[in-house]
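Here is data-v1.cif, consisting of mmCIF, N, CA and C atoms:
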data_protein
#
loop_
_atom_site.group_PDB
_atom_site.id
_atom_site.type_symbol
_atom_site.label_atom_id
_atom_site.label_comp_id
_atom_site.auth_asym_id
_atom_site.auth_seq_id
_atom_site.Cartn_x
_atom_site.Cartn_y
_atom_site.Cartn_z
ATOM 1 N N MET A 26 17.545 98.057 6.890
ATOM 2 C CA MET A 26 18.988 98.037 6.771
ATOM 3 C C MET A 26 19.585 96.899 7.597
ATOM 4 N N ARG A 27 18.996 96.694 8.765
ATOM 5 C CA ARG A 27 19.492 95.659 9.660
ATOM 6 C C ARG A 27 19.318 94.261 9.043
ATOM 7 N N LYS A 28 18.166 94.049 8.400
ATOM 8 C CA LYS A 28 17.906 92.755 7.769
ATOM 9 C C LYS A 28 18.847 92.523 6.583
ATOM 10 N N LEU A 29 19.130 93.578 5.856
ATOM 11 C CA LEU A 29 20.053 93.471 4.733
ATOM 12 C C LEU A 29 21.452 93.101 5.213
ATOM 13 N N MET A 30 21.896 93.720 6.278
ATOM 14 C CA MET A 30 23.211 93.405 6.840
ATOM 15 C C MET A 30 23.239 91.971 7.367
ATOM 16 N N SER A 31 22.138 91.551 7.963
ATOM 17 C CA SER A 31 22.051 90.183 8.477
ATOM 18 C C SER A 31 22.127 89.175 7.330
ATOM 19 N N LEU A 32 21.477 89.503 6.228
ATOM 20 C CA LEU A 32 21.507 88.628 5.061
ATOM 21 C C LEU A 32 22.901 88.591 4.443
ATOM 22 N N LEU A 33 23.556 89.745 4.344
ATOM 23 C CA LEU A 33 24.893 89.803 3.763
ATOM 24 C C LEU A 33 25.931 89.091 4.633
ATOM 25 N N GLN A 34 25.742 89.120 5.950
ATOM 26 C CA GLN A 34 26.673 88.444 6.852
ATOM 27 C C GLN A 34 26.328 86.959 7.013
ATOM 28 N N MET A 35 25.247 86.544 6.377
ATOM 29 C CA MET A 35 24.777 85.154 6.383
ATOM 30 C C MET A 35 24.530 84.644 7.798
ATOM 31 N N ASP A 36 23.854 85.474 8.570
ATOM 32 C CA ASP A 36 23.495 85.066 9.930
ATOM 33 C C ASP A 36 22.513 83.903 9.928
ATOM 34 N N PHE A 37 21.766 83.727 8.857
ATOM 35 C CA PHE A 37 20.785 82.644 8.806
ATOM 36 C C PHE A 37 21.453 81.268 8.768
ATOM 37 N N LEU A 38 22.748 81.231 8.510
ATOM 38 C CA LEU A 38 23.462 79.953 8.479
ATOM 39 C C LEU A 38 24.121 79.601 9.814
ATOM 40 N N VAL A 39 24.260 80.577 10.704
ATOM 41 C CA VAL A 39 24.962 80.322 11.964
ATOM 42 C C VAL A 39 24.077 80.476 13.192
ATOM 43 N N ASN A 40 22.843 80.874 13.045
ATOM 44 C CA ASN A 40 21.980 81.029 14.221
ATOM 45 C C ASN A 40 21.414 79.677 14.656
ATOM 46 N N ASP A 41 20.537 79.676 15.641
ATOM 47 C CA ASP A 41 20.016 78.436 16.227
ATOM 48 C C ASP A 41 19.154 77.638 15.259
ATOM 49 N N ALA A 42 18.437 78.276 14.372
ATOM 50 C CA ALA A 42 17.558 77.582 13.429
ATOM 51 C C ALA A 42 18.281 77.262 12.115
ATOM 52 N N ALA A 43 19.595 77.284 12.142
ATOM 53 C CA ALA A 43 20.378 77.068 10.921
ATOM 54 C C ALA A 43 20.261 75.635 10.405
ATOM 55 N N TYR A 44 19.897 74.689 11.269
ATOM 56 C CA TYR A 44 19.774 73.291 10.848
ATOM 57 C C TYR A 44 18.783 73.161 9.698
ATOM 58 N N LYS A 45 17.664 73.838 9.797
ATOM 59 C CA LYS A 45 16.658 73.792 8.721
ATOM 60 C C LYS A 45 17.217 74.403 7.437
ATOM 61 N N ASN A 46 17.930 75.492 7.579
ATOM 62 C CA ASN A 46 18.497 76.153 6.404
ATOM 63 C C ASN A 46 19.565 75.284 5.737
ATOM 64 N N TRP A 47 20.422 74.656 6.527
ATOM 65 C CA TRP A 47 21.469 73.812 5.966
ATOM 66 C C TRP A 47 20.882 72.606 5.243
ATOM 67 N N ARG A 48 19.814 72.048 5.802
ATOM 68 C CA ARG A 48 19.164 70.918 5.131
ATOM 69 C C ARG A 48 18.639 71.336 3.767
ATOM 70 N N MET A 49 18.013 72.503 3.689
ATOM 71 C CA MET A 49 17.470 72.990 2.418
ATOM 72 C C MET A 49 18.596 73.291 1.431
ATOM 73 N N ILE A 50 19.675 73.906 1.908
ATOM 74 C CA ILE A 50 20.805 74.220 1.035
ATOM 75 C C ILE A 50 21.438 72.935 0.506
ATOM 76 N N LEU A 51 21.597 71.941 1.367
ATOM 77 C CA LEU A 51 22.151 70.662 0.942
ATOM 78 C C LEU A 51 21.238 69.987 -0.082
ATOM 79 N N PHE A 52 19.931 70.024 0.174
ATOM 80 C CA PHE A 52 18.975 69.434 -0.761
ATOM 81 C C PHE A 52 19.047 70.121 -2.122
ATOM 82 N N LEU A 53 19.091 71.453 -2.129
ATOM 83 C CA LEU A 53 19.162 72.188 -3.390
ATOM 84 C C LEU A 53 20.488 71.930 -4.114
ATOM 85 N N SER A 54 21.570 71.772 -3.358
ATOM 86 C CA SER A 54 22.870 71.475 -3.982
ATOM 87 C C SER A 54 22.855 70.112 -4.658
ATOM 88 N N VAL A 55 22.316 69.110 -3.968
ATOM 89 C CA VAL A 55 22.235 67.766 -4.550
ATOM 90 C C VAL A 55 21.331 67.782 -5.772
ATOM 91 N N LEU A 56 20.220 68.490 -5.674
ATOM 92 C CA LEU A 56 19.292 68.586 -6.798
ATOM 93 C C LEU A 56 19.953 69.253 -8.004
ATOM 94 N N SER A 57 20.732 70.299 -7.771
ATOM 95 C CA SER A 57 21.407 70.970 -8.889
ATOM 96 C C SER A 57 22.473 70.061 -9.507
ATOM 97 N N LEU A 58 23.188 69.283 -8.688
ATOM 98 C CA LEU A 58 24.167 68.338 -9.236
ATOM 99 C C LEU A 58 23.489 67.276 -10.090
ATOM 100 N N ILE A 59 22.340 66.800 -9.647
ATOM 101 C CA ILE A 59 21.594 65.812 -10.433
ATOM 102 C C ILE A 59 21.147 66.414 -11.758
ATOM 103 N N MET A 60 20.697 67.655 -11.740
ATOM 104 C CA MET A 60 20.260 68.308 -12.981
ATOM 105 C C MET A 60 21.429 68.501 -13.944
ATOM 106 N N ILE A 61 22.589 68.871 -13.431
ATOM 107 C CA ILE A 61 23.764 69.053 -14.287
ATOM 108 C C ILE A 61 24.179 67.723 -14.911
ATOM 109 N N ALA A 62 24.202 66.664 -14.102
ATOM 110 C CA ALA A 62 24.565 65.341 -14.625
ATOM 111 C C ALA A 62 23.562 64.879 -15.674
ATOM 112 N N SER A 63 22.293 65.142 -15.436
ATOM 113 C CA SER A 63 21.259 64.756 -16.398
ATOM 114 C C SER A 63 21.443 65.500 -17.721
ATOM 115 N N GLY A 64 21.787 66.766 -17.650
ATOM 116 C CA GLY A 64 22.042 67.542 -18.866
ATOM 117 C C GLY A 64 23.215 66.996 -19.656
ATOM 118 N N HIS A 65 24.285 66.616 -18.946
ATOM 119 C CA HIS A 65 25.451 66.047 -19.633
ATOM 120 C C HIS A 65 25.111 64.716 -20.296
ATOM 121 N N LEU A 66 24.342 63.892 -19.606
ATOM 122 C CA LEU A 66 23.947 62.608 -20.194
ATOM 123 C C LEU A 66 23.070 62.819 -21.428
ATOM 124 N N ALA A 67 22.180 63.795 -21.367
ATOM 125 C CA ALA A 67 21.316 64.072 -22.520
ATOM 126 C C ALA A 67 22.144 64.553 -23.713
ATOM 127 N N GLU A 68 23.118 65.417 -23.469
ATOM 128 C CA GLU A 68 23.978 65.890 -24.560
ATOM 129 C C GLU A 68 24.779 64.740 -25.165
ATOM 130 N N ARG A 69 25.270 63.850 -24.315
ATOM 131 C CA ARG A 69 26.030 62.700 -24.812
ATOM 132 C C ARG A 69 25.150 61.830 -25.704
ATOM 133 N N LYS A 70 23.899 61.624 -25.302
ATOM 134 C CA LYS A 70 22.973 60.828 -26.118
ATOM 135 C C LYS A 70 22.686 61.518 -27.447
ATOM 136 N N ILE A 71 22.548 62.837 -27.433
ATOM 137 C CA ILE A 71 22.276 63.580 -28.667
ATOM 138 C C ILE A 71 23.438 63.419 -29.644
ATOM 139 N N PHE A 72 24.677 63.539 -29.144
ATOM 140 C CA PHE A 72 25.838 63.367 -30.017
ATOM 141 C C PHE A 72 25.925 61.936 -30.541
ATOM 142 N N GLN A 73 25.594 60.969 -29.695
ATOM 143 C CA GLN A 73 25.620 59.572 -30.128
ATOM 144 C C GLN A 73 24.580 59.326 -31.219
ATOM 145 N N ILE A 74 23.392 59.888 -31.060
ATOM 146 C CA ILE A 74 22.340 59.731 -32.070
ATOM 147 C C ILE A 74 22.766 60.381 -33.382
ATOM 148 N N ALA A 75 23.386 61.547 -33.321
ATOM 149 C CA ALA A 75 23.850 62.222 -34.543
ATOM 150 C C ALA A 75 24.910 61.382 -35.252
ATOM 151 N N ARG A 76 25.827 60.792 -34.477
ATOM 152 C CA ARG A 76 26.872 59.954 -35.075
ATOM 153 C C ARG A 76 26.261 58.709 -35.715
ATOM 154 N N LEU A 77 25.290 58.114 -35.048
ATOM 155 C CA LEU A 77 24.642 56.929 -35.606
ATOM 156 C C LEU A 77 23.845 57.268 -36.864
ATOM 157 N N ASN A 78 23.242 58.455 -36.909
ATOM 158 C CA ASN A 78 22.522 58.868 -38.119
ATOM 159 C C ASN A 78 23.480 59.032 -39.297
ATOM 160 N N GLU A 79 24.658 59.576 -39.036
ATOM 161 C CA GLU A 79 25.654 59.701 -40.107
ATOM 162 C C GLU A 79 26.102 58.323 -40.593
ATOM 163 N N ASP A 80 26.322 57.405 -39.652
ATOM 164 C CA ASP A 80 26.693 56.038 -40.043
ATOM 165 C C ASP A 80 25.586 55.390 -40.863
ATOM 166 N N LEU A 81 24.343 55.641 -40.482
ATOM 167 C CA LEU A 81 23.209 55.075 -41.212
ATOM 168 C C LEU A 81 23.160 55.605 -42.642
ATOM 169 N N LYS A 82 23.411 56.901 -42.818
ATOM 170 C CA LYS A 82 23.424 57.470 -44.171
ATOM 171 C C LYS A 82 24.524 56.843 -45.022
ATOM 172 N N LYS A 83 25.703 56.646 -44.420
ATOM 173 C CA LYS A 83 26.801 56.018 -45.160
ATOM 174 C C LYS A 83 26.440 54.594 -45.565
ATOM 175 N N LEU A 84 25.844 53.854 -44.636
ATOM 176 C CA LEU A 84 25.482 52.468 -44.940
ATOM 177 C C LEU A 84 24.386 52.387 -45.993
ATOM 178 N N LYS A 85 23.437 53.324 -45.955
ATOM 179 C CA LYS A 85 22.379 53.333 -46.976
ATOM 180 C C LYS A 85 22.966 53.602 -48.355
ATOM 181 N N SER A 86 23.879 54.561 -48.436
ATOM 182 C CA SER A 86 24.475 54.860 -49.743
ATOM 183 C C SER A 86 25.322 53.686 -50.229
ATOM 184 N N GLU A 87 26.022 53.023 -49.321
ATOM 185 C CA GLU A 87 26.806 51.851 -49.709
ATOM 186 C C GLU A 87 25.889 50.724 -50.189
ATOM 187 N N PHE A 88 24.749 50.549 -49.513
ATOM 188 C CA PHE A 88 23.787 49.522 -49.924
ATOM 189 C C PHE A 88 23.256 49.804 -51.322
ATOM 190 N N ILE A 89 22.911 51.062 -51.594
ATOM 191 C CA ILE A 89 22.389 51.424 -52.914
ATOM 192 C C ILE A 89 23.455 51.193 -53.983
ATOM 193 N N GLU A 90 24.692 51.531 -53.666
ATOM 194 C CA GLU A 90 25.789 51.315 -54.621
ATOM 195 C C GLU A 90 25.980 49.828 -54.909
ATOM 196 N N GLN A 91 25.949 49.004 -53.875
ATOM 197 C CA GLN A 91 26.106 47.558 -54.058
ATOM 198 C C GLN A 91 24.938 46.969 -54.844
ATOM 199 N N ARG A 92 23.728 47.457 -54.574
ATOM 200 C CA ARG A 92 22.557 46.960 -55.297
ATOM 201 C C ARG A 92 22.644 47.329 -56.776
ATOM 202 N N THR A 93 23.128 48.526 -57.075
ATOM 203 C CA THR A 93 23.301 48.949 -58.467
ATOM 204 C C THR A 93 24.335 48.072 -59.171
ATOM 205 N N ASP A 94 25.449 47.805 -58.483
ATOM 206 C CA ASP A 94 26.470 46.925 -59.068
ATOM 207 C C ASP A 94 25.906 45.536 -59.337
ATOM 208 N N LEU A 95 25.109 45.018 -58.413
ATOM 209 C CA LEU A 95 24.513 43.698 -58.599
ATOM 210 C C LEU A 95 23.559 43.684 -59.784
ATOM 211 N N MET A 96 22.758 44.729 -59.928
ATOM 212 C CA MET A 96 21.829 44.793 -61.062
ATOM 213 C C MET A 96 22.596 44.838 -62.381
ATOM 214 N N ASN A 97 23.704 45.558 -62.407
ATOM 215 C CA ASN A 97 24.523 45.611 -63.623
ATOM 216 C C ASN A 97 25.137 44.250 -63.935
ATOM 217 N N LEU A 98 25.564 43.530 -62.906
ATOM 218 C CA LEU A 98 26.160 42.213 -63.129
ATOM 219 C C LEU A 98 25.127 41.185 -63.574
ATOM 220 N N LYS A 99 23.869 41.366 -63.207
ATOM 221 C CA LYS A 99 22.829 40.404 -63.558
ATOM 222 C C LYS A 99 22.249 40.634 -64.947
ATOM 223 N N MET A 100 22.619 41.720 -65.606
ATOM 224 C CA MET A 100 22.086 41.978 -66.944
ATOM 225 C C MET A 100 22.598 40.921 -67.919
ATOM 226 N N GLU A 101 21.726 40.520 -68.856
ATOM 227 C CA GLU A 101 22.049 39.433 -69.784
ATOM 228 C C GLU A 101 23.260 39.770 -70.647
ATOM 229 N N THR A 102 23.363 41.013 -71.090
ATOM 230 C CA THR A 102 24.496 41.384 -71.945
ATOM 231 C C THR A 102 25.810 41.271 -71.183
ATOM 232 N N LYS A 103 25.808 41.640 -69.915
ATOM 233 C CA LYS A 103 27.027 41.531 -69.107
ATOM 234 C C LYS A 103 27.420 40.071 -68.928
ATOM 235 N N ILE A 104 26.415 39.222 -68.675
ATOM 236 C CA ILE A 104 26.695 37.798 -68.479
ATOM 237 C C ILE A 104 27.259 37.195 -69.761
ATOM 238 N N MET A 105 26.650 37.520 -70.907
ATOM 239 C CA MET A 105 27.149 36.991 -72.182
ATOM 240 C C MET A 105 28.567 37.477 -72.448
ATOM 241 N N LYS A 106 28.845 38.710 -72.131
ATOM 242 C CA LYS A 106 30.179 39.264 -72.351
ATOM 243 C C LYS A 106 31.217 38.547 -71.480
ATOM 244 N N GLU A 107 30.852 38.215 -70.231
ATOM 245 C CA GLU A 107 31.783 37.536 -69.331
ATOM 246 C C GLU A 107 32.000 36.076 -69.727
ATOM 247 N N LEU A 108 30.959 35.414 -70.261
ATOM 248 C CA LEU A 108 31.054 33.987 -70.574
ATOM 249 C C LEU A 108 31.511 33.704 -72.003
ATOM 250 N N SER A 109 31.537 34.695 -72.874
ATOM 251 C CA SER A 109 31.936 34.455 -74.267
ATOM 252 C C SER A 109 33.379 33.947 -74.398
ATOM 253 N N PRO A 110 34.351 34.395 -73.617
ATOM 254 C CA PRO A 110 35.698 33.815 -73.743
ATOM 255 C C PRO A 110 35.745 32.328 -73.377
ATOM 256 N N LEU A 111 34.800 31.869 -72.571
ATOM 257 C CA LEU A 111 34.772 30.456 -72.183
ATOM 258 C C LEU A 111 34.017 29.595 -73.189
ATOM 259 N N GLY A 112 33.431 30.222 -74.195
ATOM 260 C CA GLY A 112 32.686 29.488 -75.211
ATOM 261 C C GLY A 112 31.263 29.164 -74.786
ATOM 262 N N ILE A 113 30.787 29.815 -73.774
ATOM 263 C CA ILE A 113 29.417 29.580 -73.309
ATOM 264 C C ILE A 113 28.557 30.735 -73.790
ATOM 265 N N GLY A 114 27.438 30.416 -74.424
ATOM 266 C CA GLY A 114 26.552 31.445 -74.948
ATOM 267 C C GLY A 114 25.105 31.014 -74.803
ATOM 268 N N PRO A 115 24.195 31.831 -75.273
ATOM 269 C CA PRO A 115 22.785 31.471 -75.180
ATOM 270 C C PRO A 115 22.475 30.290 -76.104
ATOM 271 N N ALA A 116 21.486 29.502 -75.729
ATOM 272 C CA ALA A 116 21.108 28.319 -76.516
ATOM 273 C C ALA A 116 20.420 28.743 -77.806
ATOM 274 N N ASP A 117 20.704 27.993 -78.898
ATOM 275 C CA ASP A 117 20.066 28.277 -80.186
ATOM 276 C C ASP A 117 18.679 27.651 -80.257
ATOM 277 N N MET A 118 18.519 26.508 -79.605
ATOM 278 C CA MET A 118 17.233 25.805 -79.625
ATOM 279 C C MET A 118 16.590 25.909 -78.245
ATOM 280 N N PRO A 119 15.268 25.960 -78.230
ATOM 281 C CA PRO A 119 14.600 25.981 -76.931
ATOM 282 C C PRO A 119 14.764 24.629 -76.228
ATOM 283 N N PRO A 120 14.603 24.578 -74.942
ATOM 284 C CA PRO A 120 14.757 23.318 -74.226
ATOM 285 C C PRO A 120 13.662 22.320 -74.612
ATOM 286 N N ILE A 121 13.987 21.039 -74.541
ATOM 287 C CA ILE A 121 13.050 19.975 -74.894
ATOM 288 C C ILE A 121 12.452 19.425 -73.613
ATOM 289 N N LYS A 122 11.143 19.237 -73.623
ATOM 290 C CA LYS A 122 10.451 18.700 -72.464
ATOM 291 C C LYS A 122 10.420 17.182 -72.576
ATOM 292 N N LEU A 123 10.913 16.512 -71.570
ATOM 293 C CA LEU A 123 10.938 15.052 -71.554
ATOM 294 C C LEU A 123 9.732 14.535 -70.793
ATOM 295 N N LYS A 124 9.096 13.519 -71.336
ATOM 296 C CA LYS A 124 7.965 12.892 -70.663
ATOM 297 C C LYS A 124 8.357 11.468 -70.311
ATOM 298 N N VAL A 125 8.175 11.113 -69.092
ATOM 299 C CA VAL A 125 8.498 9.765 -68.635
ATOM 300 C C VAL A 125 7.188 9.017 -68.443
ATOM 301 N N LYS A 126 7.049 7.850 -69.106
ATOM 302 C CA LYS A 126 5.845 7.032 -68.969
ATOM 303 C C LYS A 126 6.167 5.862 -68.057
ATOM 304 N N GLU A 127 5.289 5.583 -67.194
ATOM 305 C CA GLU A 127 5.495 4.454 -66.282
ATOM 306 C C GLU A 127 4.704 3.254 -66.683
#
Go through the file and emit its structure as structure tokens.
Amino acid sequence: MRKLMSLLQMDFLVNDAAYKNWRMILFLSVLSLIMIASGHLAERKIFQIARLNEDLKKLKSEFIEQRTDLMNLKMETKIMKELSPLGIGPADMPPIKLKVKE
């Protein structure tokens, strides 16, 4: 009972050997603050990674959409349709190979 009362009154913090106890309490307090800060930094990194993954998904879908549009624009029928008002069309004759003699 006496030891319990001594513990409840925190006599271990005010007696002659309290210096050792205070050092340990201070060390544990600093250690707990470091652990809390580390946890907050880890959570911040997790949220940042999640946000970057969402941005990556958006950019991938935009890239696929742009690539599809480019493939549609490169199709021969699309090109002929765009150039027909200008009077430009496919050649009727194949190209002629020129030979230069020296």
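Going from atom N of A:Val39 over to atom CA of A:Leu58, you cover 23.4 Å.
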Would you compute an axis-aligned box for stretch 47-60 of chain A, covering every atom listed for it in the file with 3 Å of margin on each side, and report centre and edge lengths in Å to one decimal as JSON?
{"center_x": 20.8, "center_y": 70.2, "center_z": -3.7, "size_x": 12.7, "size_y": 14.8, "size_z": 26.5}
>> Please return, as JSON, numbers by chain, all residues of stretch 64-115 of chain A that DSSP assigns to alpha helix (DSSP H) on the basis of the backbone.
In response: {"A": [64, 65, 66, 67, 68, 69, 70, 71, 72, 73, 74, 75, 76, 77, 78, 79, 80, 81, 82, 83, 84, 85, 86, 87, 88, 89, 90, 91, 92, 93, 94, 95, 96, 97, 98, 99, 101, 102, 103, 104, 105, 106, 107, 108]}
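Atom pair atom N of A:Ile50 / atom CA of A:Leu38: separated by 9.7 Å.
Separating atom CA of A:Phe52 from atom CA of A:Ser31 is a distance of 22.9 Å.
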